[in-house]
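Structure below is start32.pdb: PDB, C-alpha atoms.
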```pdb
ATOM      1  CA  ASP A   1    -141.278  -0.364  62.317
ATOM      2  CA  ALA A   2    -139.846  -2.101  65.367
ATOM      3  CA  GLY A   3    -136.439  -2.590  63.813
ATOM      4  CA  VAL A   4    -134.343  -5.721  64.130
ATOM      5  CA  ILE A   5    -135.215  -7.548  67.323
ATOM      6  CA  GLN A   6    -132.743  -9.778  69.114
ATOM      7  CA  SER A   7    -133.220 -11.957  72.153
ATOM      8  CA  PRO A   8    -132.064 -12.380  74.776
ATOM      9  CA  ARG A   9    -130.217  -9.116  75.480
ATOM     10  CA  HIS A  10    -127.921 -10.863  77.917
ATOM     11  CA  GLU A  11    -126.990 -14.513  78.285
ATOM     12  CA  VAL A  12    -124.742 -15.978  80.940
ATOM     13  CA  THR A  13    -123.990 -19.666  80.687
ATOM     14  CA  GLU A  14    -121.446 -22.214  81.768
ATOM     15  CA  MET A  15    -118.883 -23.747  79.493
ATOM     16  CA  GLY A  16    -120.250 -26.741  77.650
ATOM     17  CA  GLN A  17    -123.849 -25.555  77.592
ATOM     18  CA  GLU A  18    -125.818 -24.933  74.421
ATOM     19  CA  VAL A  19    -126.656 -21.319  73.621
ATOM     20  CA  THR A  20    -129.287 -20.137  71.164
ATOM     21  CA  LEU A  21    -129.507 -16.534  70.020
ATOM     22  CA  ARG A  22    -132.562 -15.296  68.174
ATOM     23  CA  CYS A  23    -133.232 -12.619  65.614
ATOM     24  CA  LYS A  24    -136.267 -11.144  63.915
ATOM     25  CA  PRO A  25    -135.275  -9.014  60.912
ATOM     26  CA  ILE A  26    -137.172  -6.037  59.544
ATOM     27  CA  SER A  27    -140.119  -7.157  57.482
ATOM     28  CA  GLY A  28    -139.349  -7.081  53.760
ATOM     29  CA  HIS A  29    -135.585  -7.237  54.137
ATOM     30  CA  ASP A  30    -134.068  -9.967  52.002
ATOM     31  CA  TYR A  31    -130.689 -10.180  53.709
ATOM     32  CA  LEU A  32    -129.828 -11.199  57.245
ATOM     33  CA  PHE A  33    -126.368 -11.043  58.785
ATOM     34  CA  TRP A  34    -124.850 -12.325  62.026
ATOM     35  CA  TYR A  35    -121.840 -10.406  63.372
ATOM     36  CA  ARG A  36    -119.724 -10.926  66.467
ATOM     37  CA  GLN A  37    -118.065  -7.998  68.258
ATOM     38  CA  THR A  38    -115.106  -8.304  70.620
ATOM     39  CA  MET A  39    -112.538  -5.824  71.841
ATOM     40  CA  MET A  40    -109.705  -7.773  70.251
ATOM     41  CA  ARG A  41    -111.179  -8.540  66.832
ATOM     42  CA  GLY A  42    -113.796  -5.827  66.333
ATOM     43  CA  LEU A  43    -116.836  -6.683  64.226
ATOM     44  CA  GLU A  44    -116.592 -10.007  62.431
ATOM     45  CA  LEU A  45    -119.136 -11.317  59.943
ATOM     46  CA  LEU A  46    -120.103 -14.855  60.870
ATOM     47  CA  ILE A  47    -122.707 -15.746  58.247
ATOM     48  CA  TYR A  48    -125.313 -14.136  56.038
ATOM     49  CA  PHE A  49    -128.519 -15.239  54.362
ATOM     50  CA  ASN A  50    -130.359 -14.104  51.252
ATOM     51  CA  ASN A  51    -134.034 -15.033  51.074
ATOM     52  CA  ASN A  52    -133.502 -17.498  53.931
ATOM     53  CA  VAL A  53    -130.652 -19.308  52.162
ATOM     54  CA  PRO A  54    -127.153 -19.216  53.691
ATOM     55  CA  ILE A  55    -124.820 -17.520  51.224
ATOM     56  CA  ASP A  56    -121.496 -17.369  53.034
ATOM     57  CA  ASP A  57    -120.670 -19.043  56.320
ATOM     58  CA  SER A  58    -116.908 -18.774  56.014
ATOM     59  CA  GLY A  59    -116.816 -16.547  59.071
ATOM     60  CA  MET A  60    -118.302 -19.159  61.364
ATOM     61  CA  PRO A  61    -115.374 -19.955  63.628
ATOM     62  CA  GLU A  62    -115.937 -23.649  64.234
ATOM     63  CA  ASP A  63    -118.379 -26.483  63.814
ATOM     64  CA  ARG A  64    -119.680 -25.607  67.253
ATOM     65  CA  PHE A  65    -121.448 -22.666  65.590
ATOM     66  CA  SER A  66    -124.521 -23.114  63.424
ATOM     67  CA  ALA A  67    -127.164 -20.750  62.065
ATOM     68  CA  LYS A  68    -130.563 -21.273  60.552
ATOM     69  CA  MET A  69    -133.232 -19.159  58.949
ATOM     70  CA  PRO A  70    -136.391 -21.269  58.714
ATOM     71  CA  ASN A  71    -138.462 -18.372  57.387
ATOM     72  CA  ALA A  72    -138.184 -14.728  56.401
ATOM     73  CA  SER A  73    -138.959 -13.461  59.885
ATOM     74  CA  PHE A  74    -136.714 -15.557  62.125
ATOM     75  CA  SER A  75    -133.130 -16.699  62.460
ATOM     76  CA  THR A  76    -131.115 -18.443  65.140
ATOM     77  CA  LEU A  77    -127.435 -18.689  65.923
ATOM     78  CA  LYS A  78    -126.526 -21.689  68.031
ATOM     79  CA  ILE A  79    -123.318 -22.501  69.850
ATOM     80  CA  GLN A  80    -122.925 -26.047  71.098
ATOM     81  CA  PRO A  81    -120.936 -26.584  73.220
ATOM     82  CA  SER A  82    -120.108 -23.064  74.325
ATOM     83  CA  GLU A  83    -116.616 -22.047  75.472
ATOM     84  CA  PRO A  84    -115.346 -18.992  77.406
ATOM     85  CA  ARG A  85    -113.705 -17.614  74.235
ATOM     86  CA  ASP A  86    -117.169 -17.334  72.676
ATOM     87  CA  SER A  87    -117.942 -14.483  75.075
ATOM     88  CA  ALA A  88    -118.800 -11.467  72.917
ATOM     89  CA  VAL A  89    -121.665  -9.324  71.730
ATOM     90  CA  TYR A  90    -123.520 -10.958  68.861
ATOM     91  CA  PHE A  91    -125.376  -8.709  66.453
ATOM     92  CA  CYS A  92    -128.002  -9.520  63.914
ATOM     93  CA  ALA A  93    -128.583  -7.102  61.034
ATOM     94  CA  SER A  94    -130.859  -7.031  58.024
ATOM     95  CA  SER A  95    -130.960  -5.123  54.760
ATOM     96  CA  LEU A  96    -132.669  -4.804  51.419
ATOM     97  CA  ALA A  97    -130.739  -5.960  48.364
ATOM     98  CA  ASP A  98    -127.770  -4.306  46.604
ATOM     99  CA  SER A  99    -125.483  -3.185  49.378
ATOM    100  CA  SER A 100    -128.223  -1.301  51.131
ATOM    101  CA  PRO A 101    -127.375  -0.048  54.595
ATOM    102  CA  LEU A 102    -127.555  -2.559  57.402
ATOM    103  CA  HIS A 103    -130.067  -2.195  60.202
ATOM    104  CA  PHE A 104    -128.675  -3.644  63.407
ATOM    105  CA  GLY A 105    -130.401  -5.088  66.427
ATOM    106  CA  ASN A 106    -129.234  -4.118  69.907
ATOM    107  CA  GLY A 107    -127.200  -7.285  70.229
ATOM    108  CA  THR A 108    -126.948 -10.191  72.643
ATOM    109  CA  ARG A 109    -124.152  -9.984  75.184
ATOM    110  CA  LEU A 110    -122.967 -13.550  75.769
ATOM    111  CA  THR A 111    -120.822 -14.477  78.733
ATOM    112  CA  VAL A 112    -119.549 -18.039  79.001
ATOM    113  CA  THR A 113    -117.976 -18.887  82.354
TER     114      THR A 113
ATOM    115  CA  ALA B   1    -110.673  -8.175  49.049
ATOM    116  CA  GLN B   2    -111.861  -4.911  50.462
ATOM    117  CA  SER B   3    -110.704  -3.555  53.791
ATOM    118  CA  VAL B   4    -110.804  -0.367  55.807
ATOM    119  CA  THR B   5    -108.284   1.079  58.223
ATOM    120  CA  GLN B   6    -109.357   3.530  60.878
ATOM    121  CA  LEU B   7    -106.457   5.571  62.159
ATOM    122  CA  GLY B   8    -106.684   6.048  65.884
ATOM    123  CA  SER B   9    -108.672   3.784  68.159
ATOM    124  CA  HIS B  10    -109.499   6.722  70.429
ATOM    125  CA  VAL B  11    -109.975  10.398  69.629
ATOM    126  CA  SER B  12    -110.679  13.038  72.236
ATOM    127  CA  VAL B  13    -111.956  16.542  71.411
ATOM    128  CA  SER B  14    -113.308  19.459  73.361
ATOM    129  CA  GLU B  15    -116.964  20.396  73.088
ATOM    130  CA  GLY B  16    -117.350  22.783  70.157
ATOM    131  CA  ALA B  17    -114.136  21.655  68.460
ATOM    132  CA  LEU B  18    -113.791  20.051  65.053
ATOM    133  CA  VAL B  19    -114.254  16.296  64.879
ATOM    134  CA  LEU B  20    -112.096  14.394  62.374
ATOM    135  CA  LEU B  21    -112.188  10.604  62.254
ATOM    136  CA  ARG B  22    -109.990   9.004  59.643
ATOM    137  CA  CYS B  23    -110.793   6.079  57.357
ATOM    138  CA  ASN B  24    -108.770   4.690  54.485
ATOM    139  CA  TYR B  25    -110.091   1.911  52.302
ATOM    140  CA  SER B  26    -108.642  -0.717  50.071
ATOM    141  CA  SER B  27    -110.691  -1.942  47.149
ATOM    142  CA  SER B  28    -109.905  -3.101  43.635
ATOM    143  CA  VAL B  29    -113.222  -1.765  42.323
ATOM    144  CA  PRO B  30    -115.288   1.324  43.070
ATOM    145  CA  PRO B  31    -116.538   0.868  46.593
ATOM    146  CA  TYR B  32    -119.593   1.745  48.563
ATOM    147  CA  LEU B  33    -118.487   3.371  51.824
ATOM    148  CA  PHE B  34    -120.371   3.847  55.061
ATOM    149  CA  TRP B  35    -119.984   5.373  58.481
ATOM    150  CA  TYR B  36    -121.872   3.901  61.404
ATOM    151  CA  VAL B  37    -122.151   5.063  65.018
ATOM    152  CA  GLN B  38    -122.576   2.840  68.056
ATOM    153  CA  TYR B  39    -123.794   4.181  71.391
ATOM    154  CA  PRO B  40    -123.237   2.135  74.555
ATOM    155  CA  ASN B  41    -125.258  -1.067  74.731
ATOM    156  CA  GLN B  42    -126.802  -0.476  71.330
ATOM    157  CA  GLY B  43    -126.385  -1.737  67.803
ATOM    158  CA  LEU B  44    -124.782   0.252  65.021
ATOM    159  CA  GLN B  45    -126.728   3.031  63.320
ATOM    160  CA  LEU B  46    -126.058   4.411  59.865
ATOM    161  CA  LEU B  47    -124.600   7.926  59.821
ATOM    162  CA  LEU B  48    -124.050   8.297  56.099
ATOM    163  CA  LYS B  49    -123.136   6.407  52.947
ATOM    164  CA  TYR B  50    -121.264   7.004  49.692
ATOM    165  CA  THR B  51    -122.484   5.191  46.599
ATOM    166  CA  SER B  52    -120.652   7.017  43.779
ATOM    167  CA  ALA B  53    -122.901  10.038  43.489
ATOM    168  CA  ALA B  54    -121.603  13.229  45.147
ATOM    169  CA  THR B  55    -118.164  12.899  46.722
ATOM    170  CA  LEU B  56    -119.200  15.001  49.719
ATOM    171  CA  VAL B  57    -121.837  13.130  51.663
ATOM    172  CA  LYS B  58    -123.931  14.676  54.390
ATOM    173  CA  GLY B  59    -125.328  12.507  57.123
ATOM    174  CA  ILE B  60    -127.315  12.770  60.298
ATOM    175  CA  ASN B  61    -126.402  14.813  63.374
ATOM    176  CA  GLY B  62    -124.295  17.280  61.377
ATOM    177  CA  PHE B  63    -121.694  14.761  60.216
ATOM    178  CA  GLU B  64    -120.305  14.632  56.727
ATOM    179  CA  ALA B  65    -117.625  12.677  54.867
ATOM    180  CA  GLU B  66    -115.703  13.252  51.672
ATOM    181  CA  PHE B  67    -114.716  10.488  49.280
ATOM    182  CA  LYS B  68    -111.217  11.093  47.908
ATOM    183  CA  LYS B  69    -110.253   8.467  45.387
ATOM    184  CA  SER B  70    -106.693   9.762  45.005
ATOM    185  CA  GLU B  71    -106.124   9.305  48.728
ATOM    186  CA  THR B  72    -108.375   6.233  49.112
ATOM    187  CA  SER B  73    -109.914   8.029  52.048
ATOM    188  CA  PHE B  74    -113.359   8.631  53.466
ATOM    189  CA  HIS B  75    -112.782  10.736  56.582
ATOM    190  CA  LEU B  76    -115.694  11.729  58.811
ATOM    191  CA  THR B  77    -115.978  15.304  60.048
ATOM    192  CA  LYS B  78    -118.230  17.516  62.120
ATOM    193  CA  PRO B  79    -117.513  21.233  62.569
ATOM    194  CA  SER B  80    -118.499  21.434  66.227
ATOM    195  CA  ALA B  81    -118.534  18.496  68.637
ATOM    196  CA  HIS B  82    -121.394  18.022  71.055
ATOM    197  CA  MET B  83    -121.357  15.952  74.206
ATOM    198  CA  SER B  84    -123.930  13.647  72.661
ATOM    199  CA  ASP B  85    -121.470  12.727  69.891
ATOM    200  CA  ALA B  86    -119.445  10.604  72.316
ATOM    201  CA  ALA B  87    -119.693   7.094  70.881
ATOM    202  CA  GLU B  88    -117.817   4.535  68.801
ATOM    203  CA  TYR B  89    -117.636   5.173  65.064
ATOM    204  CA  PHE B  90    -117.108   2.526  62.407
ATOM    205  CA  CYS B  91    -116.132   2.917  58.788
ATOM    206  CA  ALA B  92    -117.246   0.141  56.436
ATOM    207  CA  VAL B  93    -116.730  -0.793  52.790
ATOM    208  CA  SER B  94    -118.645  -2.910  50.327
ATOM    209  CA  ASP B  95    -117.698  -4.022  46.850
ATOM    210  CA  GLN B  96    -120.023  -2.064  44.573
ATOM    211  CA  ALA B  97    -119.347  -4.139  41.488
ATOM    212  CA  SER B  98    -120.335  -7.399  43.134
ATOM    213  CA  GLY B  99    -123.783  -6.336  44.173
ATOM    214  CA  ASN B 100    -124.770  -7.035  47.716
ATOM    215  CA  THR B 101    -121.515  -8.153  49.276
ATOM    216  CA  PRO B 102    -121.427  -7.898  53.035
ATOM    217  CA  LEU B 103    -119.917  -4.861  54.653
ATOM    218  CA  VAL B 104    -116.387  -5.099  55.991
ATOM    219  CA  PHE B 105    -115.944  -2.940  59.073
ATOM    220  CA  GLY B 106    -112.952  -1.151  60.483
ATOM    221  CA  LYS B 107    -111.903  -1.663  64.093
ATOM    222  CA  GLY B 108    -113.707   1.464  65.194
ATOM    223  CA  THR B 109    -112.707   4.788  66.730
ATOM    224  CA  ARG B 110    -113.995   5.793  70.132
ATOM    225  CA  LEU B 111    -114.794   9.500  70.277
ATOM    226  CA  SER B 112    -114.698  11.251  73.639
ATOM    227  CA  VAL B 113    -115.997  14.806  73.991
ATOM    228  CA  ILE B 114    -114.641  16.864  76.850
ATOM    229  CA  ALA B 115    -116.727  19.643  78.379
TER     230      ALA B 115
END
```
Can you turn what I pasted into structure tokens?
Amino acid sequence: DAGVIQSPRHEVTEMGQEVTLRCKPISGHDYLFWYRQTMMRGLELLIYFNNNVPIDDSGMPEDRFSAKMPNASFSTLKIQPSEPRDSAVYFCASSLADSSPLHFGNGTRLTVT
Amino acid sequence: AQSVTQLGSHVSVSEGALVLLRCNYSSSVPPYLFWYVQYPNQGLQLLLKYTSAATLVKGINGFEAEFKKSETSFHLTKPSAHMSDAAEYFCAVSDQASGNTPLVFGKGTRLSVIA
């Protein structure tokens, strides 16, 4: 099992550019989560999906953020346009049902200049 | 809503000394509780979890945690620290009664181990 795979590992972009982060969850996991980690705010849940359907996106900070899960093996988190305050490490995680433990990817470190 | 509070953003211990990382939770229903560890430039890994079976939970790498309802605590301990234990540790809570609600994480505690 390769675990949760995120790409890219690092992304540096200029303010105003579109950024797309990608995630491949563990096969068979029904839940997929996007978290953002910063020094100031810790780990924040942005959005999560169950069987490819978004369940709660109340953590998405602004309309500039959007997430999709077109199938069970792929999800994207898009920021358009990006701003310097979006700089953070973005984690994708997946799990089986019923509060099962989360399996995290290694994250994407985003720097917006 | 559930929440967790981790007391101490940074804990430093000597190699071989007891490790104690504190976590208090707030939940209106019986919770599921978790401890995760994060090594530099990596994602979080599960150390152990409490899901209302035994109150003393043993995890990987010699860590264990005890659920104390009267104190609303779930502190993480290890009898003897090793240099490889240096990492960031996160406590997390989930609402057991609501099924698969997302985990809510504490702010984390960075553990340093001094040789």
Interface, chain A side, toward chain B (8 Å; all atoms listed in the file) as a PyMOL selection string: chain A and resi 41-45+48+91+97-107
Distance query Phe65 in chain A at most 8 Å, only C-alpha atoms, self and fewer than 4 positions along chain excluded, as a ChimeraX atom specification: /A:60-61,77-80
Considering all atoms listed in the file, give me a table of residues in range 44-102 of chain A that are at most 6 Å from range 12-36 of chain A, with the closest atom pair and distance in Å for each, as CSV.
```
residue,atom,partner,partner_atom,distance
A:Glu44,CA,A:Arg36,CA,5.2
A:Leu45,CA,A:Tyr35,CA,4.5
A:Leu46,CA,A:Tyr35,CA,5.4
A:Ile47,CA,A:Trp34,CA,5.5
A:Tyr48,CA,A:Phe33,CA,4.3
A:Phe49,CA,A:Leu32,CA,5.1
A:Asn50,CA,A:Tyr31,CA,4.6
A:Asn51,CA,A:Asp30,CA,5.2
A:Ser73,CA,A:Lys24,CA,5.4
A:Phe74,CA,A:Lys24,CA,4.8
A:Ser75,CA,A:Cys23,CA,5.2
A:Thr76,CA,A:Arg22,CA,4.6
A:Leu77,CA,A:Leu21,CA,5.1
A:Lys78,CA,A:Thr20,CA,4.5
A:Ile79,CA,A:Val19,CA,5.2
A:Gln80,CA,A:Glu18,CA,4.5
A:Pro81,CA,A:Gly16,CA,4.5
A:Ser82,CA,A:Gly16,CA,5.0
A:Glu83,CA,A:Met15,CA,4.9
A:Val89,CA,A:Arg36,CA,5.8
A:Tyr90,CA,A:Arg36,CA,4.5
A:Phe91,CA,A:Tyr35,CA,5.0
A:Cys92,CA,A:Trp34,CA,4.6
A:Ala93,CA,A:Phe33,CA,5.0
A:Ser94,CA,A:Leu32,CA,4.4
A:Ser95,CA,A:His29,CA,5.1
A:Leu96,CA,A:His29,CA,4.7
```
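Closest approach to Met83 in chain B from the set B:Asn24, B:Ser14, B:Gln6, B:Ser70 is made by B:Ser14, with distances taken over only C-alpha atoms.
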Distance of CA of Gln2 in chain B from CA of Arg22 in chain B, expressed in Å to one decimal place: 16.8 Å
